[in-house]
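Structure record follows, encoded as structure tokens.
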Amino acid sequence: MNFGRDGYLKWVLSFTLCVLIIISPAIADSPTIIKAPTVHLSDEKYSIGSIYVSNLNDVGKIQLVLKFDHTTAVVETIKPNTSVISNIELEIDSYYYDEGSVIYNGGYSAGTVRADLNFPEGASFQNSTPILDVVFRPTNKTGETPLSWEGPIGDAYYLKTGAMIPIKFDYYRDGELVSNGMGAPFPYRGNITAPELVVEPGYTGVGQIYVGDLENISRLHIESSYNFSEIRPNFEINQTFNKYDYSTRGGGGHTMGMMSEDFIFYSNEKISIIEPQAVIDMSMTTREEGYWDIVMGSGCSYTIMNGDGIPVQYPFKTLNDGYVRTIINGDANGDGVVNQADTLHLLKIITGNIPHPSDPILINQSDVHRDGVIDVGDAMFIAQYNVGLRDKWFELITP
Ligand SMILES: [Ca+2]
Ligand SMILES: [Ca+2]
């Protein structure tokens, strides 16, 4: 090649400029990194996975949410790692800890560790500094599952000393949970049961939500959903709970869609409810005929404070949904509709071909002319209803 002197200098200058432009951000500021650990769970004992940060200067607070498969390993506790930075405080607010440090082994935010770390004197972290130790214990499930940052772009922030605005990390590195499945099964327990209410249209039914098989809990979250607004829940708070929060979501107005009610009970003392006990009274009045599920949602959970004073949340083992339904006048066979099959069903009962019902709901639904017994008059009323001579209250329709 044959550059002239000027051409050569121009080439060197432009090359140098290009290199400087490309690398200058790296020189000015190395990328901030938060890194999840790779944890090998090879026996029934606990294993510690440390979370590392790099290239973080003048930090006052780090908030992080680590996500894991809670059926592969449960997290027992979290501890600040003070091997490099001595002044780290784990922020726990046991009363309103949804904003602070909490471990979700299942439950509403299943398989997450939330930690708020404060650095009262400020801190700077260079290459891979451990800040938090997460103590895992294996379950009996074998597998390799990711240890990741919650959310599509990672859920961890830091605040500069004295600052109020959180800043995202430049990079979020995932880790891994590798387990031989040598531990105990996931500790499922707890049951919750919604009421099954049968009422006449226009009348009020009452029932209770029960919980049981719970030991040493400090918090109880009951999430109940239903598809109609006429369920008006009332509370009967157990005396041993100190406080409750209540919120409602969804609906789209009071006439359509699913509504969710969240009841959260807190206690300063450990509470055990082994035998089923009513924790919420429900009552509802219907204006029309219908059937409405009362669904116990995945938000139903209970919380146990671990030895380090950190709340650990678990899901209920058993969720029993309930319902509210009205008596369907004329539905003698109980299949949810009134038609000629009900007339035949009643005639078979009256002639002794099938047994008299013992279910009070079926008796009530069959006795449409309300004389207290199942008789041929009821079969006739239903037959007349089926051909449009009577309305749904079994009154004669006058033309
Ligand atoms: Ca029927
Ligand atoms: Ca009758």
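If you're wondering about the labels, chains in the structure tokens are A, B, ... by order shown, residues count from 1 in each chain, ligands from 1 in order shown.
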Practice task
Please give me, as a PyMOL selection string, the residues lying within 7 Å of ligand 1 when counting only C-alpha atoms and all ligand atoms.
Solution key: chain A and resi 331-339+341-342
Dump as a tab-separated table the rows for residues of chain A within 7 Å of ligand 2: closest atom pair and distance in Å with one decimal, only C-alpha atoms and all ligand atoms counted, ordered by chain and rising residue number.
```
residue	atom	partner	partner_atom_place_in_ligand_line	distance
A:Asp367	CA	ligand 2	1 (Ca)	4.1
A:Val368	CA	ligand 2	1 (Ca)	6.0
A:His369	CA	ligand 2	1 (Ca)	5.1
A:Arg370	CA	ligand 2	1 (Ca)	5.3
A:Asp371	CA	ligand 2	1 (Ca)	4.8
A:Gly372	CA	ligand 2	1 (Ca)	5.7
A:Val373	CA	ligand 2	1 (Ca)	4.5
A:Ile374	CA	ligand 2	1 (Ca)	4.4
A:Asp375	CA	ligand 2	1 (Ca)	5.0
A:Gly377	CA	ligand 2	1 (Ca)	6.0
A:Asp378	CA	ligand 2	1 (Ca)	5.0
```
Let me see the file: selected residues, C-alpha atoms, as a PDB file, in the first residue's frame.
```
ATOM      1  CA  ASP A 367     -93.170 -28.352  45.729  1.00  0.00           C
ATOM      2  CA  VAL A 368     -94.033 -25.505  43.396  1.00  0.00           C
ATOM      3  CA  HIS A 369     -97.551 -24.930  44.634  1.00  0.00           C
ATOM      4  CA  ARG A 370     -96.242 -24.747  48.183  1.00  0.00           C
ATOM      5  CA  ASP A 371     -98.417 -27.110  50.151  1.00  0.00           C
ATOM      6  CA  GLY A 372     -95.492 -28.809  51.841  1.00  0.00           C
ATOM      7  CA  VAL A 373     -95.667 -32.142  50.005  1.00  0.00           C
ATOM      8  CA  ILE A 374     -94.748 -33.497  46.636  1.00  0.00           C
ATOM      9  CA  ASP A 375     -97.984 -34.323  44.890  1.00  0.00           C
ATOM     10  CA  GLY A 377    -100.528 -30.741  41.727  1.00  0.00           C
ATOM     11  CA  ASP A 378     -96.802 -29.946  41.474  1.00  0.00           C
TER      12      ASP A 378
END
```
For this session: Tell me which protein, DNA and RNA residues are within 9 Å of Glu89 of chain A, counting only C-alpha atoms, leaving out same-chain ones fewer than 3 positions away, and put them as JSON, numbers by chain.
Result: {"A": [80, 116, 117, 118, 119, 120]}
Saved selection, atoms kept: N, CA and C atoms, as a compact mmCIF listing (two decimals), in the first residue's frame:
```txt
# COMPACT_ATOMS: atom_id res chain seq x y z
N PRO A 80 -27.79 -10.67 54.79
CA PRO A 80 -26.82 -9.80 54.12
C PRO A 80 -25.43 -10.42 54.20
N ASP A 116 -34.74 -5.80 50.46
CA ASP A 116 -34.33 -4.39 50.44
C ASP A 116 -33.08 -4.28 51.29
N LEU A 117 -31.97 -3.87 50.66
CA LEU A 117 -30.70 -3.74 51.39
C LEU A 117 -30.33 -2.27 51.49
N ASN A 118 -30.08 -1.83 52.70
CA ASN A 118 -29.68 -0.44 52.93
C ASN A 118 -28.21 -0.37 53.28
N PHE A 119 -27.56 0.68 52.80
CA PHE A 119 -26.15 0.94 53.11
C PHE A 119 -26.08 2.32 53.74
N PRO A 120 -26.23 2.39 55.07
CA PRO A 120 -26.38 3.68 55.74
C PRO A 120 -25.20 4.62 55.49
```
Item to complete: Pick out the closest residue to Thr77 of chain A from this set: A:Asn364, A:Asn127, A:Thr318, A:Gln313. Count only C-alpha atoms.
Response: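 Using only C-alpha atoms, the shortest distance to Thr77 of chain A belongs to A:Gln313.
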Margin query: Taking 2 positions as the minimum chain separation for residues in the same chain, which residues sit within 7 Å of segment 256-266 of chain A when counting only C-alpha atoms? Answer as a ChimeraX atom specification.
Written below: /A:218-228,241-254,268
Next, the residues of the selection above should be written as a PDB file, in the first residue's frame with C-alpha atoms.
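Result went into again.pdb, see below:
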```
ATOM      1  CA  SER A 218     -48.488 -14.497  61.476  1.00  0.00           C
ATOM      2  CA  ARG A 219     -50.506 -13.529  58.443  1.00  0.00           C
ATOM      3  CA  LEU A 220     -53.422 -14.936  56.501  1.00  0.00           C
ATOM      4  CA  HIS A 221     -54.394 -13.862  53.003  1.00  0.00           C
ATOM      5  CA  ILE A 222     -57.785 -14.910  51.691  1.00  0.00           C
ATOM      6  CA  GLU A 223     -58.588 -14.112  48.081  1.00  0.00           C
ATOM      7  CA  SER A 224     -62.140 -14.816  47.055  1.00  0.00           C
ATOM      8  CA  SER A 225     -63.575 -14.153  43.610  1.00  0.00           C
ATOM      9  CA  TYR A 226     -67.100 -14.296  42.316  1.00  0.00           C
ATOM     10  CA  ASN A 227     -68.898 -13.230  39.200  1.00  0.00           C
ATOM     11  CA  PHE A 228     -71.646 -11.138  40.583  1.00  0.00           C
ATOM     12  CA  PHE A 241     -55.618 -11.313  64.794  1.00  0.00           C
ATOM     13  CA  ASN A 242     -54.468  -7.766  65.437  1.00  0.00           C
ATOM     14  CA  LYS A 243     -55.247  -6.120  62.150  1.00  0.00           C
ATOM     15  CA  TYR A 244     -56.738  -6.672  58.758  1.00  0.00           C
ATOM     16  CA  ASP A 245     -56.604  -5.073  55.357  1.00  0.00           C
ATOM     17  CA  TYR A 246     -59.313  -5.357  52.784  1.00  0.00           C
ATOM     18  CA  SER A 247     -59.274  -4.512  49.109  1.00  0.00           C
ATOM     19  CA  THR A 248     -61.372  -5.296  46.089  1.00  0.00           C
ATOM     20  CA  ARG A 249     -60.377  -5.600  42.442  1.00  0.00           C
ATOM     21  CA  GLY A 250     -61.936  -6.089  39.053  1.00  0.00           C
ATOM     22  CA  GLY A 251     -65.603  -6.097  38.266  1.00  0.00           C
ATOM     23  CA  GLY A 252     -66.081  -3.543  35.562  1.00  0.00           C
ATOM     24  CA  GLY A 253     -68.942  -2.032  37.482  1.00  0.00           C
ATOM     25  CA  HIS A 254     -71.312  -3.725  39.828  1.00  0.00           C
ATOM     26  CA  ASN A 268     -48.143 -10.055  66.271  1.00  0.00           C
TER      27      ASN A 268
END
```
Using only C-alpha atoms, which residues sit within 9 Å of Ala379 of chain A once same-chain residues fewer than 6 positions away are excluded, as a list of chain:residue names?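 The filter keeps A:Gly330, A:Asp342, A:Thr343, A:Leu344, A:His345, A:Leu346, A:Leu347, A:Ser366, A:Asp367, A:Val368.
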Exercise: segment 178-192 of chain A partners within 10 Å, only C-alpha atoms, chain neighbours under 3 positions left out, as a VMD selection string:
chain A and resid 38 to 46 70 to 74 105 to 106 137 to 147 175 209 to 215 222 273 to 279 296 300 to 302 314 to 321
One decimal place gives the atom CA of Asp170 of chain A-atom CA of Asn81 of chain A separation as 22.1 Å
